[in-house]
Each structure stands twice: as C-alpha cells, then as structure tokens.
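Here's upload-v1.cif, which has mmCIF, C-alpha atoms:
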data_final
#
loop_
_atom_site.group_PDB
_atom_site.id
_atom_site.type_symbol
_atom_site.label_atom_id
_atom_site.label_comp_id
_atom_site.auth_asym_id
_atom_site.auth_seq_id
_atom_site.Cartn_x
_atom_site.Cartn_y
_atom_site.Cartn_z
ATOM 1 C CA MET A 1 11.919 0.279 -42.672
ATOM 2 C CA GLU A 2 13.413 3.723 -43.110
ATOM 3 C CA ARG A 3 17.032 4.151 -44.245
ATOM 4 C CA LYS A 4 18.945 7.112 -42.888
ATOM 5 C CA THR A 5 21.993 8.646 -44.496
ATOM 6 C CA ILE A 6 24.847 9.240 -42.111
ATOM 7 C CA PRO A 7 27.111 12.149 -43.067
ATOM 8 C CA GLY A 8 30.769 11.354 -43.674
ATOM 9 C CA ALA A 9 33.051 9.713 -46.178
ATOM 10 C CA VAL A 10 34.322 6.227 -46.854
ATOM 11 C CA THR A 11 37.847 5.940 -48.227
ATOM 12 C CA VAL A 12 39.185 2.761 -49.802
ATOM 13 C CA GLU A 13 42.940 2.489 -50.285
ATOM 14 C CA PRO A 14 44.138 1.392 -53.752
ATOM 15 C CA THR A 15 45.924 -1.576 -52.126
ATOM 16 C CA VAL A 16 42.505 -2.917 -51.097
ATOM 17 C CA LEU A 17 41.384 -2.740 -54.730
ATOM 18 C CA GLU A 18 44.635 -4.473 -55.777
ATOM 19 C CA THR A 19 43.989 -7.275 -53.300
ATOM 20 C CA ILE A 20 40.421 -7.738 -54.540
ATOM 21 C CA ALA A 21 41.601 -7.833 -58.175
ATOM 22 C CA ARG A 22 44.500 -10.208 -57.380
ATOM 23 C CA LEU A 23 42.449 -12.716 -55.364
ATOM 24 C CA THR A 24 39.541 -12.614 -57.807
ATOM 25 C CA THR A 25 41.902 -13.223 -60.744
ATOM 26 C CA LEU A 26 43.582 -16.166 -59.012
ATOM 27 C CA GLY A 27 40.119 -17.638 -58.374
ATOM 28 C CA VAL A 28 39.222 -17.757 -62.062
ATOM 29 C CA PRO A 29 39.575 -21.317 -63.419
ATOM 30 C CA GLY A 30 42.360 -21.375 -66.008
ATOM 31 C CA VAL A 31 44.517 -18.711 -64.352
ATOM 32 C CA ALA A 32 47.712 -20.412 -63.183
ATOM 33 C CA ASP A 33 49.290 -17.390 -61.485
ATOM 34 C CA ILE A 34 49.875 -13.670 -61.505
ATOM 35 C CA ALA A 35 52.902 -12.935 -63.726
ATOM 36 C CA GLU A 36 56.061 -11.388 -62.349
ATOM 37 C CA ARG A 37 57.192 -8.571 -64.585
ATOM 38 C CA ASP A 38 60.681 -9.632 -65.798
ATOM 39 C CA VAL A 39 61.838 -6.198 -66.971
ATOM 40 C CA ASP A 40 60.970 -4.622 -63.641
ATOM 41 C CA ARG A 41 62.625 -7.486 -61.749
ATOM 42 C CA LEU A 42 65.848 -7.126 -63.811
ATOM 43 C CA LEU A 43 65.942 -3.411 -63.075
ATOM 44 C CA GLY A 44 65.442 -4.097 -59.378
ATOM 45 C CA VAL A 45 62.070 -2.370 -59.357
ATOM 46 C CA SER A 46 59.060 -3.967 -57.761
ATOM 47 C CA GLY A 47 56.819 -4.507 -60.792
ATOM 48 C CA LYS A 48 53.096 -4.021 -60.621
ATOM 49 C CA SER A 49 51.535 -7.203 -61.918
ATOM 50 C CA VAL A 50 48.224 -5.882 -60.621
ATOM 51 C CA ALA A 51 47.930 -2.122 -61.058
ATOM 52 C CA ILE A 52 44.933 -0.041 -60.066
ATOM 53 C CA GLN A 53 44.185 3.539 -60.996
ATOM 54 C CA VAL A 54 41.235 5.513 -59.677
ATOM 55 C CA ARG A 55 40.338 8.587 -61.704
ATOM 56 C CA GLU A 56 37.285 10.688 -60.912
ATOM 57 C CA GLY A 57 35.767 7.857 -58.878
ATOM 58 C CA ARG A 58 36.190 5.269 -61.629
ATOM 59 C CA VAL A 59 38.460 2.210 -61.450
ATOM 60 C CA PHE A 60 40.959 1.098 -64.091
ATOM 61 C CA VAL A 61 42.661 -2.298 -63.618
ATOM 62 C CA ASP A 62 45.775 -3.620 -65.346
ATOM 63 C CA LEU A 63 46.540 -7.348 -64.808
ATOM 64 C CA HIS A 64 49.433 -9.552 -65.952
ATOM 65 C CA ILE A 65 48.635 -13.252 -65.700
ATOM 66 C CA ILE A 66 49.918 -16.708 -66.583
ATOM 67 C CA ALA A 67 47.326 -18.999 -68.147
ATOM 68 C CA GLY A 68 46.984 -22.689 -67.469
ATOM 69 C CA PRO A 69 47.200 -25.272 -70.269
ATOM 70 C CA ASP A 70 44.400 -26.027 -72.728
ATOM 71 C CA GLN A 71 42.642 -22.669 -72.311
ATOM 72 C CA SER A 72 41.005 -20.413 -74.824
ATOM 73 C CA LEU A 73 43.034 -17.305 -74.076
ATOM 74 C CA LEU A 74 40.306 -15.034 -75.402
ATOM 75 C CA GLN A 75 37.653 -16.634 -73.185
ATOM 76 C CA LEU A 76 40.003 -16.637 -70.204
ATOM 77 C CA GLY A 77 40.724 -12.933 -70.615
ATOM 78 C CA ARG A 78 37.032 -12.120 -70.884
ATOM 79 C CA LYS A 79 36.230 -14.240 -67.805
ATOM 80 C CA VAL A 80 38.916 -12.423 -65.776
ATOM 81 C CA GLN A 81 37.540 -9.057 -66.952
ATOM 82 C CA TYR A 82 34.002 -10.040 -65.962
ATOM 83 C CA GLU A 83 34.923 -11.471 -62.547
ATOM 84 C CA VAL A 84 37.195 -8.581 -61.526
ATOM 85 C CA THR A 85 34.598 -6.011 -62.615
ATOM 86 C CA ARG A 86 31.872 -7.854 -60.696
ATOM 87 C CA ALA A 87 33.983 -8.199 -57.548
ATOM 88 C CA VAL A 88 35.017 -4.534 -57.412
ATOM 89 C CA GLN A 89 31.496 -3.296 -58.101
ATOM 90 C CA GLN A 90 29.946 -5.689 -55.595
ATOM 91 C CA MET A 91 32.465 -5.205 -52.764
ATOM 92 C CA ILE A 92 33.307 -1.531 -53.164
ATOM 93 C CA GLY A 93 30.428 -0.150 -55.219
ATOM 94 C CA MET A 94 32.713 1.770 -57.567
ATOM 95 C CA PRO A 95 32.239 1.721 -61.329
ATOM 96 C CA VAL A 96 34.934 -0.097 -63.300
ATOM 97 C CA ASP A 97 35.808 1.491 -66.636
ATOM 98 C CA ALA A 98 38.463 -0.966 -67.824
ATOM 99 C CA VAL A 99 40.109 -4.258 -66.917
ATOM 100 C CA ASP A 100 43.113 -4.809 -69.168
ATOM 101 C CA VAL A 101 44.349 -8.405 -69.067
ATOM 102 C CA HIS A 102 47.850 -9.174 -70.342
ATOM 103 C CA ILE A 103 48.516 -12.900 -70.755
ATOM 104 C CA GLU A 104 52.274 -13.116 -70.263
ATOM 105 C CA ASP A 105 52.728 -16.879 -70.568
ATOM 106 C CA VAL A 106 51.056 -20.293 -70.647
ATOM 107 C CA THR A 107 52.280 -22.883 -68.188
ATOM 108 C CA TYR A 108 52.336 -26.654 -68.579
ATOM 109 C CA SER A 109 53.072 -29.202 -65.885
ATOM 110 C CA GLN A 110 56.284 -31.246 -66.111
ATOM 111 C CA VAL A 111 54.261 -34.448 -66.471
ATOM 112 C CA ASP A 112 52.677 -33.089 -69.672
ATOM 113 C CA GLU A 113 56.089 -32.022 -71.003
ATOM 114 C CA TRP A 114 57.605 -35.444 -70.300
ATOM 115 C CA SER A 115 54.743 -37.379 -71.916
ATOM 116 C CA THR A 116 54.986 -35.140 -75.014
ATOM 117 C CA ALA A 117 58.763 -35.643 -75.242
ATOM 118 C CA GLU A 118 58.446 -39.422 -74.888
ATOM 119 C CA SER A 119 55.845 -39.681 -77.648
ATOM 120 C CA ALA A 120 57.949 -37.673 -80.108
#
As structure tokens:
Amino acid sequence: MERKTIPGAVTVEPTVLETIARLTTLGVPGVADIAERDVDRLLGVSGKSVAIQVREGRVFVDLHIIAGPDQSLLQLGRKVQYEVTRAVQQMIGMPVDAVDVHIEDVTYSQVDEWSTAESA
C-alpha cells in the first residue's frame, strides 16, 4: 500500500498539550491531584499547575502535583515524567525535551490521621 503525503500543516494548541499532560499525570498511580499554586492564588492570578512551552518544535512540561501516601517520591516523579513524555509523543508526535515534576505536598486520608492520633 502506497502512502501519499498531503500538503498542509497541522497545528496543535498548547491547551491541548496541557490537557494531555494533566490527564496523563492524574492517571499515574500515586498522584493524588494536581497542585493549586498558593502564591498565584493569593495574588489573584490563575496559576499554571500544568505549564507547556513549545520551542522550535520541542515540548517542555512543568507540572505541580500532590502525591498520595506511602509513595517513593523519586519513583513517582520518574513515572510521571515517563508517562507524560510517552503520551505527548504518541498522541502528538512531538519530541519532549523536559518534564519537570514539582511535588508540592503529600496527602493522607482523614482515617489514616485519626488512627495515627489514637495510637499515639
């Protein structure tokens, strides 16, 4: 079967890349949530918890997350980097140069907090 190239261009908006990065990150086991940026919220600015830059056809991702309990933060960060890179490359076909993961907090459920307080 012969493949023909059709002339033209395909443009992907950065918000599409942000959505891919956000949903992929939330799908990684151990990620509790995407972090809200407190400083930006206090200043009344909509903070970018998932920021995408495209320079010369290459993607740079900046993520701020909240980890779940009992996680190796190093392994979690590496897993998020791997999954986001894979998703962007697979869905969009653009090379990813960097995925910076900032772990802002670790969350615990109230049940865990109560059982720890009772045993103390």
Between A:Val28, A:Val59, A:Lys48, A:Leu73, smallest distance to Pro95 in chain A by only C-alpha atoms belongs to A:Val59
Best match for closeness to Ala51 in chain A among A:Glu83, A:Asp70, A:Glu18, A:Asp33, counting all atoms listed in the file = A:Glu18
All residues 12 Å or closer to Lys79 in chain A, only C-alpha atoms, same chain fewer than 6 positions away omitted, as a PyMOL selection string = chain A and resi 24-31+71-73+85-86+99-101
Return as a ChimeraX atom specification the set of residues that the PyMOL selection byres ((chain A and resi 19) around 12) yields on the displayed structure.
-> /A:12-18,20-26,34,49-52,61,63,84,87-88,91
Mind pulling up the distance from CA of Ala35 in chain A to CA of Gly77 in chain A?
-> 14.0 Å
Selected residue of minimal separation from Val96 in chain A among A:Gln53, A:Gly68, A:Tyr108, A:Leu74, counting all atoms listed in the file =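 Comparing A:Gln53, A:Gly68, A:Tyr108, A:Leu74 against Val96 in chain A, the winner is A:Gln53.
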With all atoms listed in the file as the atoms that count, which of A:Phe60, A:Val80, A:Gln75, A:Glu36 lies nearest to Asp105 in chain A?
-> A:Glu36
